[in-house]
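J.: My structure file start_32.tsv, TSV, C-alpha atoms, is below:
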chain	number	residue	atom	x	y	z
A	1	MET	CA	0.72	-30.11	5.08
A	2	THR	CA	-0.27	-27.47	7.62
A	3	GLU	CA	-2.44	-24.61	6.44
A	4	HIS	CA	-0.70	-21.23	6.40
A	5	SER	CA	-1.79	-18.94	9.24
A	6	LEU	CA	-2.89	-16.32	6.71
A	7	TRP	CA	-5.79	-18.43	5.45
A	8	ARG	CA	-7.24	-19.06	8.90
A	9	PHE	CA	-6.80	-15.42	9.84
A	10	SER	CA	-8.37	-14.20	6.62
A	11	ARG	CA	-11.43	-16.45	6.96
A	12	ALA	CA	-11.89	-15.43	10.60
A	13	LEU	CA	-11.52	-11.73	9.77
A	14	HIS	CA	-14.19	-11.87	7.08
A	15	ARG	CA	-16.49	-13.84	9.37
A	16	ALA	CA	-16.00	-11.16	12.03
A	17	ILE	CA	-16.70	-8.30	9.63
A	18	ASN	CA	-19.62	-9.81	7.75
A	19	ASP	CA	-21.29	-12.04	10.33
A	20	ARG	CA	-20.14	-10.31	13.52
A	21	ARG	CA	-18.67	-13.60	14.72
A	22	PHE	CA	-15.63	-12.53	16.72
A	23	GLU	CA	-14.87	-15.70	18.70
A	24	GLU	CA	-12.47	-17.21	16.16
A	25	ILE	CA	-10.55	-14.01	15.32
A	26	GLU	CA	-9.98	-13.50	19.06
A	27	THR	CA	-7.99	-16.72	19.22
A	28	LEU	CA	-5.84	-15.76	16.23
A	29	ILE	CA	-4.53	-12.42	17.49
A	30	ASP	CA	-1.50	-12.21	19.78
A	31	ASP	CA	-1.83	-10.19	22.98
A	32	ASP	CA	0.99	-7.87	21.85
A	33	VAL	CA	-0.11	-7.45	18.24
A	34	GLU	CA	1.01	-4.36	16.31
A	35	TRP	CA	-1.64	-3.23	13.82
A	36	ALA	CA	-1.61	-0.31	11.40
A	37	LEU	CA	-4.04	0.67	8.66
A	38	TYR	CA	-2.58	3.83	7.17
A	39	GLY	CA	-4.93	6.62	6.16
A	40	PRO	CA	-6.75	9.78	7.27
A	41	ILE	CA	-7.94	8.90	10.78
A	42	ASP	CA	-9.95	12.12	11.08
A	43	MET	CA	-12.23	10.85	8.31
A	44	PHE	CA	-12.05	7.15	9.10
A	45	PRO	CA	-11.54	6.57	12.84
A	46	PHE	CA	-10.91	2.84	12.35
A	47	LEU	CA	-7.70	3.64	10.48
A	48	GLY	CA	-4.43	4.27	12.29
A	49	ALA	CA	-2.16	2.28	14.57
A	50	ARG	CA	-3.26	0.02	17.43
A	51	HIS	CA	-1.31	-2.02	19.92
A	52	GLY	CA	-2.61	-5.06	21.73
A	53	LYS	CA	-5.41	-7.54	21.17
A	54	ASP	CA	-8.19	-5.55	22.84
A	55	ALA	CA	-7.50	-2.45	20.75
A	56	VAL	CA	-7.37	-4.51	17.57
A	57	LEU	CA	-10.61	-6.35	18.36
A	58	ALA	CA	-12.25	-2.99	19.00
A	59	VAL	CA	-11.16	-1.73	15.60
A	60	ILE	CA	-12.39	-4.90	13.87
A	61	ARG	CA	-15.78	-4.31	15.52
A	62	GLN	CA	-15.70	-0.72	14.23
A	63	ILE	CA	-15.01	-1.97	10.70
A	64	ALA	CA	-17.86	-4.49	11.06
A	65	ASP	CA	-20.14	-1.62	12.16
A	66	ASN	CA	-19.30	0.33	9.01
A	67	PHE	CA	-18.71	-2.13	6.16
A	68	HIS	CA	-19.80	-5.37	4.62
A	69	VAL	CA	-17.32	-7.26	2.43
A	70	ARG	CA	-19.12	-8.18	-0.80
A	71	ARG	CA	-16.13	-9.67	-2.56
A	72	PHE	CA	-12.37	-9.71	-2.46
A	73	GLU	CA	-9.77	-10.91	-4.86
A	74	ARG	CA	-6.09	-11.54	-4.15
A	75	GLU	CA	-4.22	-10.11	-7.10
A	76	SER	CA	-0.83	-11.08	-5.74
A	77	ILE	CA	0.24	-13.19	-2.81
A	78	MET	CA	3.55	-14.20	-1.26
A	79	LEU	CA	3.77	-16.60	1.64
A	80	GLY	CA	6.78	-16.90	3.95
A	81	VAL	CA	7.08	-19.34	6.84
A	82	ASP	CA	5.40	-17.01	9.35
A	83	SER	CA	4.60	-14.07	7.12
A	84	ALA	CA	2.51	-13.10	4.12
A	85	ALA	CA	2.18	-10.21	1.70
A	86	SER	CA	-0.77	-9.72	-0.57
A	87	MET	CA	-2.32	-7.17	-2.87
A	88	LEU	CA	-6.08	-7.36	-2.72
A	89	ARG	CA	-9.05	-5.75	-4.36
A	90	TYR	CA	-11.98	-5.38	-2.00
A	91	SER	CA	-15.58	-4.63	-2.93
A	92	LEU	CA	-17.31	-3.28	0.16
A	93	THR	CA	-20.65	-1.79	1.03
A	94	ALA	CA	-20.72	1.18	3.40
A	95	LEU	CA	-23.52	0.22	5.79
A	96	ASP	CA	-24.65	3.75	6.64
A	97	SER	CA	-25.23	4.76	3.01
A	98	ASP	CA	-25.45	1.38	1.24
A	99	LYS	CA	-22.83	2.82	-1.09
A	100	PRO	CA	-20.45	0.42	-2.89
A	101	ILE	CA	-16.76	1.06	-2.26
A	102	SER	CA	-13.93	-0.56	-4.14
A	103	LEU	CA	-10.49	-0.60	-2.56
A	104	ARG	CA	-7.04	-1.75	-3.53
A	105	VAL	CA	-5.02	-2.78	-0.51
A	106	ALA	CA	-1.51	-4.05	0.26
A	107	GLN	CA	-1.34	-6.22	3.37
A	108	PHE	CA	1.80	-7.42	5.19
A	109	ALA	CA	1.17	-9.86	8.02
A	110	GLN	CA	3.44	-11.65	10.48
A	111	PHE	CA	2.45	-14.57	12.66
A	112	ARG	CA	3.90	-16.37	15.66
A	113	ALA	CA	2.58	-19.75	16.73
A	114	GLY	CA	-0.39	-19.25	14.41
A	115	ARG	CA	-1.32	-15.87	15.89
A	116	LEU	CA	-1.09	-12.48	14.24
A	117	ILE	CA	1.72	-10.38	15.73
A	118	SER	CA	1.92	-7.62	13.12
A	119	LEU	CA	-0.27	-6.27	10.35
A	120	ARG	CA	0.50	-3.30	8.13
A	121	VAL	CA	-2.02	-2.28	5.51
A	122	LEU	CA	-1.60	0.37	2.85
A	123	ILE	CA	-4.63	1.62	0.94
A	124	ASP	CA	-5.01	3.91	-2.05
A	125	THR	CA	-6.58	6.37	0.38
A	126	PHE	CA	-7.11	9.27	-2.02
A	127	ASP	CA	-9.39	7.00	-4.04
A	128	LEU	CA	-11.10	5.82	-0.82
A	129	VAL	CA	-11.82	9.40	0.26
A	130	GLU	CA	-13.23	10.30	-3.17
A	131	GLN	CA	-15.52	7.27	-3.09
A	132	ALA	CA	-16.67	8.08	0.44
A	133	LEU	CA	-17.40	11.67	-0.61
A	134	GLY	CA	-19.11	10.50	-3.77
A	135	ARG	CA	-17.22	13.04	-5.87
A	136	ALA	CA	-13.78	13.85	-7.16
A	137	ILE	CA	-11.43	16.05	-5.15
A	138	HIS	CA	-10.18	18.71	-7.51
A	139	LEU	CA	-6.71	19.89	-6.64
A	140	PRO	CA	-4.09	21.74	-8.66
A	141	LYS	CA	-2.23	19.50	-11.05
A	142	MET	CA	1.39	19.09	-9.94
A	143	SER	CA	3.18	19.39	-13.24
A	144	SER	CA	6.51	20.45	-11.83
A	145	ALA	CA	6.56	20.16	-8.06
A	146	GLY	CA	5.19	16.69	-7.40
B	1	MET	CA	20.96	-19.79	-3.51
B	2	THR	CA	17.21	-20.16	-4.00
B	3	ILE	CA	15.34	-18.24	-6.69
B	4	GLU	CA	13.58	-16.34	-3.89
B	5	SER	CA	16.86	-15.17	-2.32
B	6	LEU	CA	18.18	-14.20	-5.73
B	7	ASN	CA	15.06	-12.21	-6.57
B	8	LYS	CA	15.19	-10.38	-3.23
B	9	GLN	CA	18.80	-9.50	-3.97
B	10	ARG	CA	17.78	-8.23	-7.42
B	11	VAL	CA	15.10	-6.00	-5.90
B	12	ARG	CA	17.59	-4.56	-3.41
B	13	HIS	CA	20.00	-3.93	-6.27
B	14	LEU	CA	17.32	-2.09	-8.26
B	15	LEU	CA	16.32	0.02	-5.25
B	16	ASP	CA	19.93	0.92	-4.45
B	17	ALA	CA	20.59	1.88	-8.09
B	18	PHE	CA	17.53	4.14	-8.17
B	19	ALA	CA	18.37	5.74	-4.82
B	20	ARG	CA	21.84	6.70	-6.02
B	21	GLY	CA	20.34	8.08	-9.24
B	22	ASP	CA	21.77	5.41	-11.52
B	23	ILE	CA	18.79	4.97	-13.83
B	24	ASP	CA	20.75	2.87	-16.34
B	25	ALA	CA	21.63	0.34	-13.65
B	26	ALA	CA	18.03	0.31	-12.39
B	27	LEU	CA	16.66	-0.20	-15.90
B	28	ALA	CA	19.17	-2.99	-16.51
B	29	CYS	CA	17.24	-4.95	-13.86
B	30	CYS	CA	14.04	-4.73	-15.95
B	31	THR	CA	12.65	-6.42	-19.05
B	32	ASP	CA	12.23	-4.31	-22.20
B	33	ASP	CA	8.45	-4.44	-21.79
B	34	VAL	CA	8.43	-3.71	-18.05
B	35	SER	CA	5.14	-2.31	-16.82
B	36	PHE	CA	4.81	0.11	-13.92
B	37	LEU	CA	1.61	0.96	-12.11
B	38	THR	CA	1.17	3.00	-8.97
B	39	HIS	CA	-2.23	3.56	-7.43
B	40	ALA	CA	-2.26	7.32	-7.03
B	41	PRO	CA	-4.44	10.20	-8.31
B	42	ILE	CA	-2.90	10.89	-11.70
B	43	ASP	CA	-5.04	13.98	-12.23
B	44	VAL	CA	-3.08	15.53	-9.34
B	45	LEU	CA	0.21	13.71	-9.93
B	46	PRO	CA	0.24	13.20	-13.71
B	47	HIS	CA	3.78	11.86	-13.83
B	48	MET	CA	2.57	8.84	-11.83
B	49	ALA	CA	0.49	7.53	-14.73
B	50	PRO	CA	1.07	3.88	-15.77
B	51	ARG	CA	4.27	3.30	-17.76
B	52	HIS	CA	5.09	0.60	-20.29
B	53	GLY	CA	8.57	-0.22	-21.50
B	54	LYS	CA	11.98	0.99	-20.49
B	55	SER	CA	11.84	4.38	-22.17
B	56	GLU	CA	8.60	5.38	-20.41
B	57	LEU	CA	9.96	4.11	-17.10
B	58	ARG	CA	13.20	6.03	-17.68
B	59	GLU	CA	11.17	9.20	-18.30
B	60	PHE	CA	9.22	8.66	-15.05
B	61	TRP	CA	12.32	8.00	-12.97
B	62	GLN	CA	14.08	11.02	-14.51
B	63	THR	CA	11.11	13.19	-13.54
B	64	VAL	CA	11.25	11.90	-9.96
B	65	LEU	CA	15.02	12.40	-9.71
B	66	SER	CA	14.73	15.91	-11.16
B	67	ARG	CA	12.37	16.84	-8.31
B	68	TYR	CA	13.83	14.90	-5.40
B	69	SER	CA	17.26	14.16	-3.99
B	70	ASP	CA	18.63	12.14	-1.06
B	71	ILE	CA	16.26	9.28	-1.84
B	72	ARG	CA	16.39	6.57	0.79
B	73	HIS	CA	14.40	3.42	1.44
B	74	LYS	CA	14.21	1.48	4.66
B	75	THR	CA	12.90	-1.99	3.92
B	76	LEU	CA	10.74	-3.22	6.80
B	77	HIS	CA	9.49	-6.38	5.09
B	78	ILE	CA	10.61	-8.26	2.02
B	79	LEU	CA	8.99	-11.51	0.93
B	80	ALA	CA	9.62	-13.62	-2.13
B	81	ASP	CA	7.65	-16.49	-3.55
B	82	GLY	CA	8.68	-17.97	-6.90
B	83	ASP	CA	8.91	-15.16	-9.43
B	84	ALA	CA	7.37	-12.52	-7.21
B	85	VAL	CA	8.77	-10.24	-4.51
B	86	ALA	CA	6.89	-7.88	-2.21
B	87	THR	CA	8.51	-5.11	-0.19
B	88	TYR	CA	7.16	-2.82	2.48
B	89	MET	CA	9.34	0.24	2.80
B	90	GLN	CA	9.60	3.60	4.46
B	91	ALA	CA	10.74	6.03	1.79
B	92	TYR	CA	12.40	9.41	2.26
B	93	PHE	CA	12.64	11.95	-0.58
B	94	ARG	CA	14.09	15.46	-0.24
B	95	LYS	CA	12.35	18.08	-2.43
B	96	ARG	CA	14.89	19.91	-4.54
B	97	SER	CA	12.62	22.99	-4.61
B	98	ASN	CA	12.72	23.69	-0.87
B	99	ASP	CA	14.72	20.88	0.83
B	100	ARG	CA	11.65	19.57	2.65
B	101	ILE	CA	11.66	15.85	3.36
B	102	MET	CA	8.74	13.72	2.26
B	103	GLN	CA	8.35	10.52	4.23
B	104	PHE	CA	5.85	7.85	3.30
B	105	ASP	CA	5.29	4.11	3.51
B	106	ILE	CA	5.07	2.23	0.27
B	107	ALA	CA	4.27	-1.36	-0.72
B	108	VAL	CA	5.83	-2.55	-3.95
B	109	PHE	CA	5.07	-5.83	-5.69
B	110	TYR	CA	7.57	-7.01	-8.32
B	111	SER	CA	7.10	-9.79	-10.87
B	112	PHE	CA	10.13	-11.39	-12.51
B	113	ARG	CA	10.64	-12.98	-15.92
B	114	ASP	CA	13.96	-14.61	-16.80
B	115	GLY	CA	15.64	-12.93	-13.85
B	116	LEU	CA	14.43	-9.43	-14.77
B	117	VAL	CA	11.66	-7.29	-13.32
B	118	SER	CA	8.69	-7.39	-15.69
B	119	GLU	CA	6.08	-5.67	-13.54
B	120	ILE	CA	6.14	-3.14	-10.70
B	121	ARG	CA	2.97	-2.29	-8.79
B	122	GLU	CA	2.91	0.17	-5.92
B	123	ILE	CA	0.40	1.04	-3.24
B	124	ILE	CA	0.88	4.18	-1.18
B	125	ASP	CA	-1.24	6.01	1.38
B	126	SER	CA	-2.02	8.34	-1.52
B	127	TYR	CA	-4.06	10.88	0.46
B	128	ASP	CA	-1.07	11.52	2.71
B	129	LEU	CA	1.30	11.55	-0.26
B	130	VAL	CA	-0.74	14.25	-2.02
B	131	GLN	CA	-0.78	16.34	1.17
B	132	GLN	CA	2.99	16.10	1.44
B	133	VAL	CA	3.45	17.00	-2.23
B	134	LEU	CA	1.08	19.97	-1.96
B	135	GLU	CA	2.31	20.87	1.53
B	136	ARG	CA	-1.22	21.47	2.71
B	137	GLU	CA	-4.05	19.62	4.40
B	138	ILE	CA	-6.71	18.41	1.97
B	139	GLY	CA	-9.37	18.02	4.69
B	140	PRO	CA	-10.26	21.73	4.94
B	141	LEU	CA	-10.52	21.94	1.15
B	142	ILE	CA	-13.06	19.13	1.18
B	143	THR	CA	-15.12	20.40	4.11
B	144	ASP	CA	-15.04	24.01	2.87
B	145	GLY	CA	-16.47	22.59	-0.33
B	146	GLN	CA	-14.44	24.90	-2.52
B	147	PRO	CA	-11.74	23.33	-4.67
B	148	GLY	CA	-13.27	19.92	-3.96
B	149	GLU	CA	-16.80	20.79	-5.16
B	150	GLY	CA	-17.52	18.27	-7.86
Take the structure in this file and express it as structure tokens.
T.:
Amino acid sequence: MTEHSLWRFSRALHRAINDRRFEEIETLIDDDVEWALYGPIDMFPFLGARHGKDAVLAVIRQIADNFHVRRFERESIMLGVDSAASMLRYSLTALDSDKPISLRVAQFAQFRAGRLISLRVLIDTFDLVEQALGRAIHLPKMSSAG
Amino acid sequence: MTIESLNKQRVRHLLDAFARGDIDAALACCTDDVSFLTHAPIDVLPHMAPRHGKSELREFWQTVLSRYSDIRHKTLHILADGDAVATYMQAYFRKRSNDRIMQFDIAVFYSFRDGLVSEIREIIDSYDLVQQVLEREIGPLITDGQPGEG
């Protein structure tokens, strides 16, 4: 039975981020890949949309420059023939401050011939910003409008 | 029809029922002990707190429908595997208070038991969602260090 493309991609991505070994991930990304990590790009420049392998590899290098993955757990996973959806909990370390960051992430990936052609990632970004700031953001409670 | 196709159809049915405001039909897709969890700042959006059971979910959905109209979902991805379904959607909600449209992407993971939804878990770009609800940028509040001072 052939291994699902998600597993190879996931291993290569973590190797790239933690060990700065980019050679394998390069072979697993399609030239025309569409990539989007949604969130405030003014605070986290590695978030946002990218098109094409070079742009995506650049963003993976940016993530590797900023974070180390300590642990991750797949809380939910669905595998299609050439697609995958998962909900993950990541424990990261921010390299500039050595601060631990815990993230919950939804990831939707599509593959063609074993290569990533689309990745959309949603993050609980309000929580991410609060952790990066190291304090809560106090805003008015939306009891009737939100 | 496979269980996966059936469960995808059930999710679409639930989403359509909710979008047209038919809470009874949406709840009929769920188990009595359905649990709902969205990862969002509940100190800012208190109605988005976790819900357990149909009556709490009904109360949540009623709150949403009382504040928003013209609810639409565009499903970009839907995957099913056994008793689980994941959807990636673009959602559009019109605020009843001022007719402004909120548009956000949302990932929803459903678990099924005996053909009914027993668990709903959502992940949203919550920073952007809060900005759209408040109709203001949060960034300046943080950098000015005023309301955000902890």
J.: What does the structure give for the distance between CA of Leu47 in chain A and CA of Pro140 in chain B, in Å to one decimal?
T.: 19.1 Å
J.: Using 12 Å as the limit and counting only C-alpha atoms, can you tabulate each residue of range 113-142 of chain B that touches range 108-128 of chain A, with its shortest atom-to-atom distance in Å and the two atoms involved, as a tab-separated table?
T.:
residue	atom	partner	partner_atom	distance
B:Glu122	CA	A:Asp124	CA	9.6
B:Ile123	CA	A:Asp124	CA	6.2
B:Ile124	CA	A:Asp124	CA	6.0
B:Asp125	CA	A:Thr125	CA	5.4
B:Ser126	CA	A:Phe126	CA	5.2
B:Tyr127	CA	A:Phe126	CA	4.2
B:Asp128	CA	A:Thr125	CA	7.9
B:Leu129	CA	A:Phe126	CA	8.9
B:Val130	CA	A:Phe126	CA	8.1
B:Gln131	CA	A:Phe126	CA	10.0
B:Ile138	CA	A:Phe126	CA	10.0
B:Gly139	CA	A:Phe126	CA	11.3
B:Ile142	CA	A:Phe126	CA	12.0
J.: Quick one: which chain A residues come within 9 Å of chain B, and what is the nearest atom pair for each with the distance in Å to one decimal, counting only C-alpha atoms, rows ordered by chain and ascending number, as a Markdown table?
T.:
| residue | atom | partner | partner_atom | distance |
| --- | --- | --- | --- | --- |
| A:Tyr38 | CA | B:Asp125 | CA | 6.3 |
| A:Gly39 | CA | B:Asp125 | CA | 6.1 |
| A:Pro40 | CA | B:Tyr127 | CA | 7.4 |
| A:Asp42 | CA | B:Gly139 | CA | 8.7 |
| A:Met43 | CA | B:Gly139 | CA | 8.5 |
| A:Ser76 | CA | B:Phe109 | CA | 7.9 |
| A:Ile77 | CA | B:Asp81 | CA | 8.1 |
| A:Met78 | CA | B:Asp81 | CA | 5.2 |
| A:Leu79 | CA | B:Asp81 | CA | 6.5 |
| A:Gly80 | CA | B:Leu79 | CA | 6.6 |
| A:Ser83 | CA | B:Leu79 | CA | 8.0 |
| A:Ala84 | CA | B:Leu79 | CA | 7.4 |
| A:Ala85 | CA | B:Ala86 | CA | 6.5 |
| A:Ser86 | CA | B:Ala86 | CA | 8.0 |
| A:Met87 | CA | B:Phe109 | CA | 8.0 |
| A:Arg104 | CA | B:Ile123 | CA | 8.0 |
| A:Val105 | CA | B:Ile123 | CA | 7.2 |
| A:Ala106 | CA | B:Ala107 | CA | 6.5 |
| A:Gln107 | CA | B:Ala107 | CA | 8.5 |
| A:Phe108 | CA | B:Tyr88 | CA | 7.6 |
| A:Arg120 | CA | B:Tyr88 | CA | 8.7 |
| A:Val121 | CA | B:Ala107 | CA | 8.9 |
| A:Leu122 | CA | B:Asp125 | CA | 5.8 |
| A:Ile123 | CA | B:Asp125 | CA | 5.6 |
| A:Asp124 | CA | B:Ser126 | CA | 5.4 |
| A:Thr125 | CA | B:Tyr127 | CA | 5.2 |
| A:Phe126 | CA | B:Tyr127 | CA | 4.2 |
| A:Asp127 | CA | B:Pro41 | CA | 7.3 |
| A:Leu128 | CA | B:Tyr127 | CA | 8.8 |
| A:Val129 | CA | B:Tyr127 | CA | 7.9 |
| A:Leu133 | CA | B:Ile142 | CA | 8.8 |
| A:Gly134 | CA | B:Gly150 | CA | 8.9 |
| A:Arg135 | CA | B:Gly150 | CA | 5.6 |
| A:Ala136 | CA | B:Gly150 | CA | 5.8 |
| A:Ile137 | CA | B:Gly148 | CA | 4.4 |
| A:His138 | CA | B:Gly148 | CA | 4.9 |
| A:Leu139 | CA | B:Val44 | CA | 6.3 |
| A:Pro140 | CA | B:Val44 | CA | 6.3 |
| A:Lys141 | CA | B:Val44 | CA | 4.4 |
| A:Met142 | CA | B:Leu45 | CA | 5.5 |
| A:Ser143 | CA | B:Pro46 | CA | 6.9 |
| A:Ser144 | CA | B:Arg67 | CA | 7.7 |
| A:Ala145 | CA | B:Arg67 | CA | 6.7 |
| A:Gly146 | CA | B:Val133 | CA | 5.5 |
J.: What does the distance from CA of Gln9 in chain B to CA of Lys74 in chain B come to in Å, to one decimal?
T.: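 Separating CA of Gln9 in chain B from CA of Lys74 in chain B is a distance of 14.7 Å.
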J.: Please report the interatomic distance between CA of Ala64 in chain A and CA of Leu37 in chain A in Å with one decimal.
T.: 14.9 Å
J.: Show me as JSON, numbers by chain the residues that reach within 12 Å of (13.1, 9.6, -17.4), counting all atoms listed in the file and using the file's own coordinates.
T.: {"B": [18, 21, 22, 23, 24, 26, 27, 47, 48, 51, 53, 54, 55, 56, 57, 58, 59, 60, 61, 62, 63, 64, 65, 66, 67]}
J.: Determine, counting only C-alpha atoms, which protein, DNA and RNA residues have an atom within 8 Å of an atom of Arg89 in chain A; residues of the same chain fewer than 3 positions away are not included. Present the result as a list in words.
T.: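 Residues meeting the cut-off are Phe72, Glu73, Arg74, Glu75, Ser102, Leu103, Arg104 and Val105 of chain A.
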J.: Using all atoms listed in the file, can you tell me which of A:Leu92, A:Ile41, A:Ala49, A:Val69 comes closest to Arg20 in chain A?
T.: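 Under the stated criterion, the closest residue is A:Val69.
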J.: Taking all atoms of range 39-55 of chain A that the file lists, what box with edges along x, y and z, padded by 8 Å per side, do you get, with centre and edge lengths in Å to one decimal, as JSON?
T.:
{"center_x": -6.8, "center_y": 2.3, "center_z": 14.5, "size_x": 26.9, "size_y": 35.7, "size_z": 32.7}
